[in-house]
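The next block holds one structure in the form of structure tokens; read it before the comments.
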Amino acid sequence: MYNLLCPRMILNSLHDLECHKLKELGIEGIIFDLDNTIIPWDQQQMSPEIIERVNTLLKEGFKICLLSNNMEKRVKEIADIFNIPFVSRAYKPAKTGFRHAIAAMELSEEKVAVIGDQLFTDILGGNRIGLVTIWVRPLSSQEFIGTKITRRLERLAVRVLESKGLINKSAIIKNDNY
Ligand SMILES: [Mg+2]
């Protein structure tokens with residue numbers, strides 16, 4: 001069970017994501033979570049830096065699909081900026097949304113990574129179907145009330161993963177939340 005919560009990589013920010021490392025792993029497509037991964041949960045616009053980062057990944061040849069538990073309107077607005085596919089109301093960590101995202105990129109599972117800010121949705125869901133899972137620090141400490149509750153469980157899970165040596169202590173995100 002704990003292995004399923006264990007991310008393959010931990011990043012402090014999307015800027016630390018190295019294209020060549022993904023390519024070495026055979027990754028051709030990236031599933032991005034939306035809220036607090038590429039846009040702060042309580043905001044309507046992405047930062048110019050994030051827009052540039054996503055555009056760079058697209059120029060590097062990666063396919064990208066958004067996968068969000070949020071509603072279609074919000075997810076589509078962001079997906080349309082990049083002209084990329086999206087899956088909304090995904091009920092992560094359910095497998096179905098991940099499978100739809102993989103199909104939208106016309107790739108097989110072993111060529112896909114997922115990047116998100118939550119262990120219990122993005123990382124758990126990705127690990128359940130064998131994707132390369134990348135956990136990134138949330139963009140904002142402002143969160144949906146339900147997320148605030150799962151963050152407590154997340155902190156507990158991180159402590160267990162650390163104690164079992166399943167995640168590298170030095171890679172753990174050091175911020176106010178953790
Ligand atoms: Mg998120």
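Residues in the structure tokens are numbered from 1 in each chain, the chains being A, B, ... in the order shown, and ligands are numbered from 1 in the order shown.
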
**OP:** For ligand 1, list the contacting residues at 6 Å or closer, counting only C-alpha atoms and all ligand atoms, as a PyMOL selection string.
**Re:** chain A and resi 33-37+116-118

Subject >> Spatial neighbours of Glu143 of chain A, 10 Å, only C-alpha atoms, chain gap at least 3 places, as JSON, numbers by chain >> reply: {"A": [35, 36, 40, 41, 42, 138, 140, 146, 147, 148, 149, 151]}

Writing out the chosen residues with N, CA, C and O atoms as a CSV table (one decimal), in the first residue's frame:
```csv
chain,number,residue,atom,x,y,z
A,35,ASP,N,-4.9,22.2,-10.6
A,35,ASP,CA,-4.9,23.1,-9.4
A,35,ASP,C,-3.7,22.8,-8.5
A,35,ASP,O,-3.4,21.7,-8.0
A,36,ASN,N,-3.0,23.9,-8.3
A,36,ASN,CA,-1.8,23.9,-7.4
A,36,ASN,C,-0.6,23.2,-8.0
A,36,ASN,O,0.4,23.0,-7.4
A,40,PRO,N,-2.3,28.3,-9.4
A,40,PRO,CA,-2.8,28.3,-8.0
A,40,PRO,C,-4.3,28.0,-7.9
A,40,PRO,O,-5.0,28.5,-8.7
A,41,TRP,N,-4.6,27.3,-6.9
A,41,TRP,CA,-6.0,26.8,-6.7
A,41,TRP,C,-7.0,27.9,-6.7
A,41,TRP,O,-8.1,27.8,-7.3
A,42,ASP,N,-6.6,29.1,-6.1
A,42,ASP,CA,-7.6,30.2,-6.0
A,42,ASP,C,-7.4,31.3,-7.0
A,42,ASP,O,-7.9,32.4,-6.9
A,138,PRO,N,3.0,22.2,-3.9
A,138,PRO,CA,1.9,23.0,-4.4
A,138,PRO,C,2.2,24.4,-4.6
A,138,PRO,O,3.0,25.0,-3.9
A,140,SER,N,0.3,27.0,-4.2
A,140,SER,CA,-0.3,27.9,-3.2
A,140,SER,C,-0.6,27.1,-2.0
A,140,SER,O,-1.0,25.9,-2.1
A,146,GLY,N,-11.6,20.3,1.4
A,146,GLY,CA,-11.3,18.8,1.4
A,146,GLY,C,-9.9,18.5,1.3
A,146,GLY,O,-9.4,17.6,1.9
A,147,THR,N,-9.2,19.3,0.5
A,147,THR,CA,-7.7,19.1,0.3
A,147,THR,C,-7.0,19.4,1.6
A,147,THR,O,-6.0,18.7,1.9
A,148,LYS,N,-7.4,20.4,2.3
A,148,LYS,CA,-6.8,20.7,3.6
A,148,LYS,C,-6.8,19.5,4.5
A,148,LYS,O,-5.8,19.2,5.3
A,149,ILE,N,-7.9,18.7,4.5
A,149,ILE,CA,-8.0,17.6,5.3
A,149,ILE,C,-7.1,16.5,4.8
A,149,ILE,O,-6.4,15.8,5.6
A,151,ARG,N,-4.4,16.8,3.3
A,151,ARG,CA,-3.0,17.2,3.5
A,151,ARG,C,-2.5,16.6,4.8
A,151,ARG,O,-1.3,16.3,5.0
```

Subject >> Nearest residue to Glu28 of chain A from the set A:Asn70, A:Asn12, A:Ser108, A:Asn83 (distances using only C-alpha atoms) >> reply: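 Of all the options, A:Ser108 lies closest to Glu28 of chain A.
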
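Compared by their closest atoms to Leu11 of chain A, and using only C-alpha atoms, the residues A:Ser163, A:Thr133, A:Ser47, A:Thr56 rank with A:Thr133 nearest.
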
**OP:** Output as JSON, numbers by chain all residues of chain A that backbone DSSP marks as helix (DSSP H, G or I).
**Re:** {"A": [2, 3, 4, 5, 14, 15, 16, 19, 20, 21, 22, 23, 24, 48, 49, 50, 51, 52, 53, 54, 55, 56, 57, 58, 59, 72, 73, 74, 75, 76, 77, 78, 79, 80, 81, 82, 95, 96, 97, 98, 99, 100, 101, 102, 103, 104, 109, 110, 111, 119, 120, 121, 122, 123, 124, 125, 126, 127, 128, 145, 146, 147, 148, 149, 150, 151, 152, 153, 154, 155, 156, 157, 158, 159, 160, 161, 162, 163, 169, 170, 171]}

**OP:** DSSP on the backbone, then: every residue of segment 2-178 of chain A marked strand (DSSP E), written as a VMD selection string.
**Re:** chain A and resid 9 to 11 29 to 32 63 to 67 86 to 87 112 to 116 132 to 136

Subject >> Best match for closeness to Val112 of chain A among A:Lys76, A:Cys65, A:His15, A:Lys59, counting only C-alpha atoms >> reply: A:Cys65

Subject >> Within 9 Å of Phe86 of chain A using only C-alpha atoms, minus same-chain residues under 3 positions, as a list in words >> reply: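 Counting only C-alpha atoms, the residues come to Ile64, Cys65, Leu66, Leu67, Ser68, Glu72, Val75, Lys76, Ala79, His100, Ala101 and Ala104 of chain A.
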
Produce a file of the selected residues containing all heavy atoms, as a PDB file, in the first residue's frame.
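The new file result_37.pdb reads:
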```
ATOM      1  N   ILE A  64       1.146  16.453 -23.904  1.00  0.00           N
ATOM      2  CA  ILE A  64       0.660  16.818 -22.570  1.00  0.00           C
ATOM      3  C   ILE A  64      -0.858  16.717 -22.539  1.00  0.00           C
ATOM      4  O   ILE A  64      -1.540  17.103 -23.496  1.00  0.00           O
ATOM      5  CB  ILE A  64       1.105  18.247 -22.179  1.00  0.00           C
ATOM      6  CG1 ILE A  64       2.644  18.322 -22.098  1.00  0.00           C
ATOM      7  CG2 ILE A  64       0.489  18.667 -20.844  1.00  0.00           C
ATOM      8  CD1 ILE A  64       3.178  19.698 -21.723  1.00  0.00           C
ATOM      9  N   CYS A  65      -1.369  16.175 -21.430  1.00  0.00           N
ATOM     10  CA  CYS A  65      -2.816  16.143 -21.208  1.00  0.00           C
ATOM     11  C   CYS A  65      -3.081  16.602 -19.778  1.00  0.00           C
ATOM     12  O   CYS A  65      -2.363  16.203 -18.853  1.00  0.00           O
ATOM     13  CB  CYS A  65      -3.347  14.725 -21.423  1.00  0.00           C
ATOM     14  SG  CYS A  65      -5.148  14.600 -21.233  1.00  0.00           S
ATOM     15  N   LEU A  66      -4.081  17.448 -19.586  1.00  0.00           N
ATOM     16  CA  LEU A  66      -4.467  17.850 -18.232  1.00  0.00           C
ATOM     17  C   LEU A  66      -5.429  16.819 -17.653  1.00  0.00           C
ATOM     18  O   LEU A  66      -6.306  16.317 -18.375  1.00  0.00           O
ATOM     19  CB  LEU A  66      -5.150  19.221 -18.244  1.00  0.00           C
ATOM     20  CG  LEU A  66      -4.345  20.416 -18.740  1.00  0.00           C
ATOM     21  CD1 LEU A  66      -5.185  21.699 -18.613  1.00  0.00           C
ATOM     22  CD2 LEU A  66      -3.051  20.566 -17.957  1.00  0.00           C
ATOM     23  N   LEU A  67      -5.269  16.516 -16.386  1.00  0.00           N
ATOM     24  CA  LEU A  67      -6.156  15.572 -15.700  1.00  0.00           C
ATOM     25  C   LEU A  67      -6.533  16.184 -14.361  1.00  0.00           C
ATOM     26  O   LEU A  67      -5.685  16.352 -13.490  1.00  0.00           O
ATOM     27  CB  LEU A  67      -5.437  14.233 -15.497  1.00  0.00           C
ATOM     28  CG  LEU A  67      -6.216  13.157 -14.744  1.00  0.00           C
ATOM     29  CD1 LEU A  67      -7.410  12.673 -15.545  1.00  0.00           C
ATOM     30  CD2 LEU A  67      -5.302  11.975 -14.414  1.00  0.00           C
ATOM     31  N   SER A  68      -7.794  16.543 -14.223  1.00  0.00           N
ATOM     32  CA  SER A  68      -8.195  17.285 -13.029  1.00  0.00           C
ATOM     33  C   SER A  68      -9.515  16.776 -12.479  1.00  0.00           C
ATOM     34  O   SER A  68     -10.392  16.338 -13.220  1.00  0.00           O
ATOM     35  CB  SER A  68      -8.346  18.768 -13.386  1.00  0.00           C
ATOM     36  OG  SER A  68      -8.873  19.486 -12.295  1.00  0.00           O
ATOM     37  N   GLU A  72     -15.264  21.014 -15.844  1.00  0.00           N
ATOM     38  CA  GLU A  72     -14.839  21.142 -17.243  1.00  0.00           C
ATOM     39  C   GLU A  72     -14.454  22.570 -17.632  1.00  0.00           C
ATOM     40  O   GLU A  72     -13.438  22.783 -18.289  1.00  0.00           O
ATOM     41  CB  GLU A  72     -15.933  20.626 -18.180  1.00  0.00           C
ATOM     42  CG  GLU A  72     -15.538  20.792 -19.633  1.00  0.00           C
ATOM     43  CD  GLU A  72     -16.510  20.149 -20.609  1.00  0.00           C
ATOM     44  OE1 GLU A  72     -17.372  19.379 -20.173  1.00  0.00           O
ATOM     45  OE2 GLU A  72     -16.380  20.442 -21.805  1.00  0.00           O
ATOM     46  N   VAL A  75     -10.938  23.551 -16.455  1.00  0.00           N
ATOM     47  CA  VAL A  75      -9.870  22.739 -17.044  1.00  0.00           C
ATOM     48  C   VAL A  75      -9.726  23.050 -18.536  1.00  0.00           C
ATOM     49  O   VAL A  75      -8.624  23.209 -19.058  1.00  0.00           O
ATOM     50  CB  VAL A  75     -10.140  21.237 -16.820  1.00  0.00           C
ATOM     51  CG1 VAL A  75      -8.940  20.404 -17.272  1.00  0.00           C
ATOM     52  CG2 VAL A  75     -10.443  20.953 -15.355  1.00  0.00           C
ATOM     53  N   LYS A  76     -10.879  23.203 -19.206  1.00  0.00           N
ATOM     54  CA  LYS A  76     -10.857  23.470 -20.655  1.00  0.00           C
ATOM     55  C   LYS A  76     -10.193  24.812 -20.964  1.00  0.00           C
ATOM     56  O   LYS A  76      -9.440  24.938 -21.934  1.00  0.00           O
ATOM     57  CB  LYS A  76     -12.290  23.442 -21.204  1.00  0.00           C
ATOM     58  CG  LYS A  76     -12.365  23.576 -22.714  1.00  0.00           C
ATOM     59  CD  LYS A  76     -13.798  23.500 -23.211  1.00  0.00           C
ATOM     60  CE  LYS A  76     -13.894  23.419 -24.724  1.00  0.00           C
ATOM     61  NZ  LYS A  76     -13.192  24.462 -25.455  1.00  0.00           N
ATOM     62  N   ALA A  79      -6.524  24.200 -20.858  1.00  0.00           N
ATOM     63  CA  ALA A  79      -6.107  23.290 -21.933  1.00  0.00           C
ATOM     64  C   ALA A  79      -6.117  24.014 -23.279  1.00  0.00           C
ATOM     65  O   ALA A  79      -5.219  23.815 -24.109  1.00  0.00           O
ATOM     66  CB  ALA A  79      -7.021  22.072 -21.973  1.00  0.00           C
ATOM     67  N   HIS A 100      -8.085   7.593 -19.755  1.00  0.00           N
ATOM     68  CA  HIS A 100      -8.586   8.505 -20.793  1.00  0.00           C
ATOM     69  C   HIS A 100      -7.482   9.476 -21.232  1.00  0.00           C
ATOM     70  O   HIS A 100      -7.336   9.783 -22.415  1.00  0.00           O
ATOM     71  CB  HIS A 100      -9.798   9.291 -20.296  1.00  0.00           C
ATOM     72  CG  HIS A 100     -11.065   8.491 -20.237  1.00  0.00           C
ATOM     73  ND1 HIS A 100     -11.477   7.688 -21.274  1.00  0.00           N
ATOM     74  CD2 HIS A 100     -12.009   8.365 -19.268  1.00  0.00           C
ATOM     75  CE1 HIS A 100     -12.621   7.104 -20.941  1.00  0.00           C
ATOM     76  NE2 HIS A 100     -12.953   7.485 -19.715  1.00  0.00           N
ATOM     77  N   ALA A 101      -6.723   9.977 -20.242  1.00  0.00           N
ATOM     78  CA  ALA A 101      -5.646  10.928 -20.558  1.00  0.00           C
ATOM     79  C   ALA A 101      -4.570  10.261 -21.415  1.00  0.00           C
ATOM     80  O   ALA A 101      -4.073  10.852 -22.382  1.00  0.00           O
ATOM     81  CB  ALA A 101      -5.044  11.472 -19.261  1.00  0.00           C
ATOM     82  N   ALA A 104      -5.860   9.878 -24.839  1.00  0.00           N
ATOM     83  CA  ALA A 104      -5.924  11.168 -25.548  1.00  0.00           C
ATOM     84  C   ALA A 104      -4.567  11.531 -26.141  1.00  0.00           C
ATOM     85  O   ALA A 104      -4.490  12.227 -27.151  1.00  0.00           O
ATOM     86  CB  ALA A 104      -6.398  12.263 -24.595  1.00  0.00           C
TER      87      ALA A 104
END
```

Subject >> Leu119 of chain A surroundings by only C-alpha atoms, 8 Å radius, close-in-sequence under 4 positions cut, as a list in words >> reply: Leu5, Cys6, Pro7, Ile123, Leu124, Trp135 and Glu154 of chain A

Using only C-alpha atoms, please write the residues we just selected to a file, as a short mmCIF file (atom, residue, chain, number, x, y, z; two decimals), in the first residue's frame.
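Contents of selection-v6.cif, freshly written:
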```cif
data_model
loop_
_atom_site.label_atom_id
_atom_site.label_comp_id
_atom_site.auth_asym_id
_atom_site.auth_seq_id
_atom_site.Cartn_x
_atom_site.Cartn_y
_atom_site.Cartn_z
CA LEU A 5 1.89 6.45 -2.34
CA CYS A 6 5.57 6.73 -3.08
CA PRO A 7 6.48 9.17 -5.87
CA ILE A 123 0.64 9.99 -7.16
CA LEU A 124 -1.59 7.19 -5.91
CA TRP A 135 5.32 14.93 -6.90
CA GLU A 154 -0.46 13.23 3.38
#
```

**OP:** Mind checking which residues fall within 9 Å of Leu161 of chain A, counting only C-alpha atoms, ignoring those fewer than 3 positions away in the same chain, and posting them as JSON, numbers by chain?
**Re:** {"A": [2, 3, 5, 6, 156, 157, 158, 164, 165, 166, 167, 168]}

For the selection just defined, write its residues with all heavy atoms to a file, as a PDB file, in the first residue's frame.
```pdb
ATOM      1  N   TYR A   2       1.866   1.288   0.903  1.00  0.00           N
ATOM      2  CA  TYR A   2       2.683   2.496   0.989  1.00  0.00           C
ATOM      3  C   TYR A   2       3.477   2.736  -0.293  1.00  0.00           C
ATOM      4  O   TYR A   2       3.709   3.869  -0.689  1.00  0.00           O
ATOM      5  CB  TYR A   2       3.612   2.444   2.200  1.00  0.00           C
ATOM      6  CG  TYR A   2       2.866   2.671   3.477  1.00  0.00           C
ATOM      7  CD1 TYR A   2       2.753   1.680   4.434  1.00  0.00           C
ATOM      8  CD2 TYR A   2       2.244   3.896   3.699  1.00  0.00           C
ATOM      9  CE1 TYR A   2       2.027   1.895   5.591  1.00  0.00           C
ATOM     10  CE2 TYR A   2       1.522   4.128   4.851  1.00  0.00           C
ATOM     11  CZ  TYR A   2       1.415   3.120   5.801  1.00  0.00           C
ATOM     12  OH  TYR A   2       0.698   3.344   6.932  1.00  0.00           O
ATOM     13  N   ASN A   3       3.866   1.645  -0.944  1.00  0.00           N
ATOM     14  CA  ASN A   3       4.587   1.809  -2.202  1.00  0.00           C
ATOM     15  C   ASN A   3       3.761   2.586  -3.218  1.00  0.00           C
ATOM     16  O   ASN A   3       4.290   3.315  -4.033  1.00  0.00           O
ATOM     17  CB  ASN A   3       4.945   0.455  -2.802  1.00  0.00           C
ATOM     18  CG  ASN A   3       6.080  -0.200  -2.034  1.00  0.00           C
ATOM     19  OD1 ASN A   3       6.747   0.457  -1.243  1.00  0.00           O
ATOM     20  ND2 ASN A   3       6.285  -1.477  -2.256  1.00  0.00           N
ATOM     21  N   LEU A   5       1.892   5.008  -2.651  1.00  0.00           N
ATOM     22  CA  LEU A   5       1.889   6.447  -2.343  1.00  0.00           C
ATOM     23  C   LEU A   5       3.248   7.079  -2.587  1.00  0.00           C
ATOM     24  O   LEU A   5       3.434   8.275  -2.388  1.00  0.00           O
ATOM     25  CB  LEU A   5       1.506   6.659  -0.874  1.00  0.00           C
ATOM     26  CG  LEU A   5       0.041   6.468  -0.519  1.00  0.00           C
ATOM     27  CD1 LEU A   5      -0.137   6.528   0.992  1.00  0.00           C
ATOM     28  CD2 LEU A   5      -0.819   7.539  -1.188  1.00  0.00           C
ATOM     29  N   CYS A   6       4.195   6.264  -2.987  1.00  0.00           N
ATOM     30  CA  CYS A   6       5.574   6.729  -3.080  1.00  0.00           C
ATOM     31  C   CYS A   6       5.875   7.303  -4.470  1.00  0.00           C
ATOM     32  O   CYS A   6       5.811   6.589  -5.471  1.00  0.00           O
ATOM     33  CB  CYS A   6       6.487   5.551  -2.798  1.00  0.00           C
ATOM     34  SG  CYS A   6       8.159   6.060  -2.539  1.00  0.00           S
ATOM     35  N   LEU A 156       1.180  12.576   7.265  1.00  0.00           N
ATOM     36  CA  LEU A 156       1.359  11.312   7.982  1.00  0.00           C
ATOM     37  C   LEU A 156       1.997  10.270   7.051  1.00  0.00           C
ATOM     38  O   LEU A 156       2.934   9.566   7.425  1.00  0.00           O
ATOM     39  CB  LEU A 156      -0.013  10.830   8.471  1.00  0.00           C
ATOM     40  CG  LEU A 156      -0.041   9.561   9.317  1.00  0.00           C
ATOM     41  CD1 LEU A 156       0.662   9.809  10.651  1.00  0.00           C
ATOM     42  CD2 LEU A 156      -1.487   9.134   9.558  1.00  0.00           C
ATOM     43  N   ALA A 157       1.483  10.197   5.834  1.00  0.00           N
ATOM     44  CA  ALA A 157       2.027   9.234   4.860  1.00  0.00           C
ATOM     45  C   ALA A 157       3.494   9.518   4.574  1.00  0.00           C
ATOM     46  O   ALA A 157       4.308   8.594   4.480  1.00  0.00           O
ATOM     47  CB  ALA A 157       1.212   9.287   3.560  1.00  0.00           C
ATOM     48  N   VAL A 158       3.839  10.796   4.477  1.00  0.00           N
ATOM     49  CA  VAL A 158       5.241  11.163   4.216  1.00  0.00           C
ATOM     50  C   VAL A 158       6.131  10.675   5.360  1.00  0.00           C
ATOM     51  O   VAL A 158       7.202  10.133   5.125  1.00  0.00           O
ATOM     52  CB  VAL A 158       5.375  12.695   4.020  1.00  0.00           C
ATOM     53  CG1 VAL A 158       6.837  13.127   4.117  1.00  0.00           C
ATOM     54  CG2 VAL A 158       4.795  13.098   2.679  1.00  0.00           C
ATOM     55  N   LYS A 164      10.228   4.259   6.504  1.00  0.00           N
ATOM     56  CA  LYS A 164      10.475   2.989   5.825  1.00  0.00           C
ATOM     57  C   LYS A 164      11.590   3.116   4.791  1.00  0.00           C
ATOM     58  O   LYS A 164      11.898   2.152   4.078  1.00  0.00           O
ATOM     59  CB  LYS A 164       9.195   2.494   5.140  1.00  0.00           C
ATOM     60  CG  LYS A 164       8.123   2.046   6.126  1.00  0.00           C
ATOM     61  CD  LYS A 164       6.900   1.544   5.387  1.00  0.00           C
ATOM     62  CE  LYS A 164       5.808   1.098   6.348  1.00  0.00           C
ATOM     63  NZ  LYS A 164       6.145  -0.118   7.092  1.00  0.00           N
ATOM     64  N   GLY A 165      12.130   4.313   4.665  1.00  0.00           N
ATOM     65  CA  GLY A 165      13.204   4.537   3.697  1.00  0.00           C
ATOM     66  C   GLY A 165      12.719   4.500   2.263  1.00  0.00           C
ATOM     67  O   GLY A 165      13.506   4.300   1.339  1.00  0.00           O
ATOM     68  N   LEU A 166      11.422   4.686   2.067  1.00  0.00           N
ATOM     69  CA  LEU A 166      10.873   4.622   0.714  1.00  0.00           C
ATOM     70  C   LEU A 166      11.029   5.936  -0.039  1.00  0.00           C
ATOM     71  O   LEU A 166      11.002   5.967  -1.262  1.00  0.00           O
ATOM     72  CB  LEU A 166       9.391   4.228   0.750  1.00  0.00           C
ATOM     73  CG  LEU A 166       9.124   2.777   1.121  1.00  0.00           C
ATOM     74  CD1 LEU A 166       7.643   2.555   1.377  1.00  0.00           C
ATOM     75  CD2 LEU A 166       9.605   1.846   0.016  1.00  0.00           C
ATOM     76  N   ILE A 167      11.161   7.025   0.702  1.00  0.00           N
ATOM     77  CA  ILE A 167      11.493   8.272   0.008  1.00  0.00           C
ATOM     78  C   ILE A 167      12.713   8.885   0.656  1.00  0.00           C
ATOM     79  O   ILE A 167      12.939   8.756   1.859  1.00  0.00           O
ATOM     80  CB  ILE A 167      10.346   9.292  -0.101  1.00  0.00           C
ATOM     81  CG1 ILE A 167       9.579   9.454   1.195  1.00  0.00           C
ATOM     82  CG2 ILE A 167       9.400   8.968  -1.223  1.00  0.00           C
ATOM     83  CD1 ILE A 167       8.462  10.476   1.078  1.00  0.00           C
ATOM     84  N   ASN A 168      13.445   9.519  -0.203  1.00  0.00           N
ATOM     85  CA  ASN A 168      14.717  10.094   0.184  1.00  0.00           C
ATOM     86  C   ASN A 168      14.469  11.356   1.016  1.00  0.00           C
ATOM     87  O   ASN A 168      13.881  12.309   0.537  1.00  0.00           O
ATOM     88  CB  ASN A 168      15.455  10.427  -1.115  1.00  0.00           C
ATOM     89  CG  ASN A 168      16.793  11.052  -0.849  1.00  0.00           C
ATOM     90  OD1 ASN A 168      17.150  11.315   0.294  1.00  0.00           O
ATOM     91  ND2 ASN A 168      17.512  11.297  -1.921  1.00  0.00           N
TER      92      ASN A 168
END
```

Subject >> Distance query Glu60 of chain A at most 12 Å, only C-alpha atoms, self and fewer than 4 positions along chain excluded, as a VMD selection string >> reply: chain A and resid 18 to 20 22 to 23 27 to 30 53 to 56 64

Store the residues picked out above, limited to N, CA, C and O atoms, as an mmCIF file, in the first residue's frame.
```cif
data_model
loop_
_atom_site.group_PDB
_atom_site.id
_atom_site.type_symbol
_atom_site.label_atom_id
_atom_site.label_comp_id
_atom_site.auth_asym_id
_atom_site.auth_seq_id
_atom_site.Cartn_x
_atom_site.Cartn_y
_atom_site.Cartn_z
ATOM 1 N N GLU A 18 13.616 18.035 -15.449
ATOM 2 C CA GLU A 18 14.636 17.974 -16.498
ATOM 3 C C GLU A 18 14.154 17.104 -17.658
ATOM 4 O O GLU A 18 13.919 15.912 -17.490
ATOM 5 N N CYS A 19 14.025 17.753 -18.816
ATOM 6 C CA CYS A 19 13.516 17.049 -20.002
ATOM 7 C C CYS A 19 14.347 15.817 -20.326
ATOM 8 O O CYS A 19 13.802 14.760 -20.647
ATOM 9 N N HIS A 20 15.664 15.956 -20.220
ATOM 10 C CA HIS A 20 16.508 14.819 -20.625
ATOM 11 C C HIS A 20 16.302 13.612 -19.719
ATOM 12 O O HIS A 20 16.378 12.476 -20.157
ATOM 13 N N LEU A 22 13.479 12.776 -18.263
ATOM 14 C CA LEU A 22 12.234 12.134 -18.689
ATOM 15 C C LEU A 22 12.479 11.314 -19.949
ATOM 16 O O LEU A 22 11.986 10.197 -20.087
ATOM 17 N N LYS A 23 13.239 11.885 -20.859
ATOM 18 C CA LYS A 23 13.514 11.172 -22.113
ATOM 19 C C LYS A 23 14.327 9.908 -21.860
ATOM 20 O O LYS A 23 14.092 8.874 -22.493
ATOM 21 N N ILE A 27 9.982 8.535 -21.427
ATOM 22 C CA ILE A 27 8.718 9.262 -21.314
ATOM 23 C C ILE A 27 8.484 10.127 -22.558
ATOM 24 O O ILE A 27 9.359 10.878 -22.977
ATOM 25 N N GLU A 28 7.295 9.988 -23.127
ATOM 26 C CA GLU A 28 6.924 10.800 -24.301
ATOM 27 C C GLU A 28 5.704 11.675 -24.027
ATOM 28 O O GLU A 28 5.390 12.576 -24.803
ATOM 29 N N GLY A 29 5.000 11.373 -22.950
ATOM 30 C CA GLY A 29 3.800 12.141 -22.638
ATOM 31 C C GLY A 29 3.715 12.429 -21.151
ATOM 32 O O GLY A 29 4.168 11.646 -20.318
ATOM 33 N N ILE A 30 3.137 13.590 -20.828
ATOM 34 C CA ILE A 30 3.027 13.999 -19.425
ATOM 35 C C ILE A 30 1.574 14.337 -19.109
ATOM 36 O O ILE A 30 0.938 15.132 -19.808
ATOM 37 N N ARG A 53 7.063 27.296 -19.267
ATOM 38 C CA ARG A 53 7.550 25.951 -18.944
ATOM 39 C C ARG A 53 6.772 24.888 -19.736
ATOM 40 O O ARG A 53 7.339 23.958 -20.293
ATOM 41 N N VAL A 54 5.455 25.042 -19.737
ATOM 42 C CA VAL A 54 4.622 24.071 -20.460
ATOM 43 C C VAL A 54 4.906 24.149 -21.963
ATOM 44 O O VAL A 54 5.043 23.127 -22.637
ATOM 45 N N ASN A 55 5.048 25.372 -22.467
ATOM 46 C CA ASN A 55 5.355 25.523 -23.898
ATOM 47 C C ASN A 55 6.704 24.903 -24.252
ATOM 48 O O ASN A 55 6.860 24.314 -25.322
ATOM 49 N N THR A 56 7.663 25.036 -23.338
ATOM 50 C CA THR A 56 8.981 24.430 -23.576
ATOM 51 C C THR A 56 8.854 22.913 -23.678
ATOM 52 O O THR A 56 9.440 22.285 -24.565
ATOM 53 N N ILE A 64 1.146 16.453 -23.904
ATOM 54 C CA ILE A 64 0.660 16.818 -22.570
ATOM 55 C C ILE A 64 -0.858 16.717 -22.539
ATOM 56 O O ILE A 64 -1.540 17.103 -23.496
#
```

Original post:
With only C-alpha atoms as the atoms that count, which of A:Ile51, A:Ile115, A:Leu107, A:Ile31 lies nearest to Ile10 of chain A?
Top reply: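 So, comparing all the options, the nearest one is A:Ile115.
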
Original post:
Using only C-alpha atoms, which of the listed residues (A:Ile50, A:Lys92, A:Ala113, A:Asp122) sits closest to Lys63 of chain A?
Top reply: A:Ala113

Original post:
What is the atom CA of Lys111 of chain A-atom CA of Phe62 of chain A distance in Å, reported with one decimal?
Top reply: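 It comes out at 10.2 Å.
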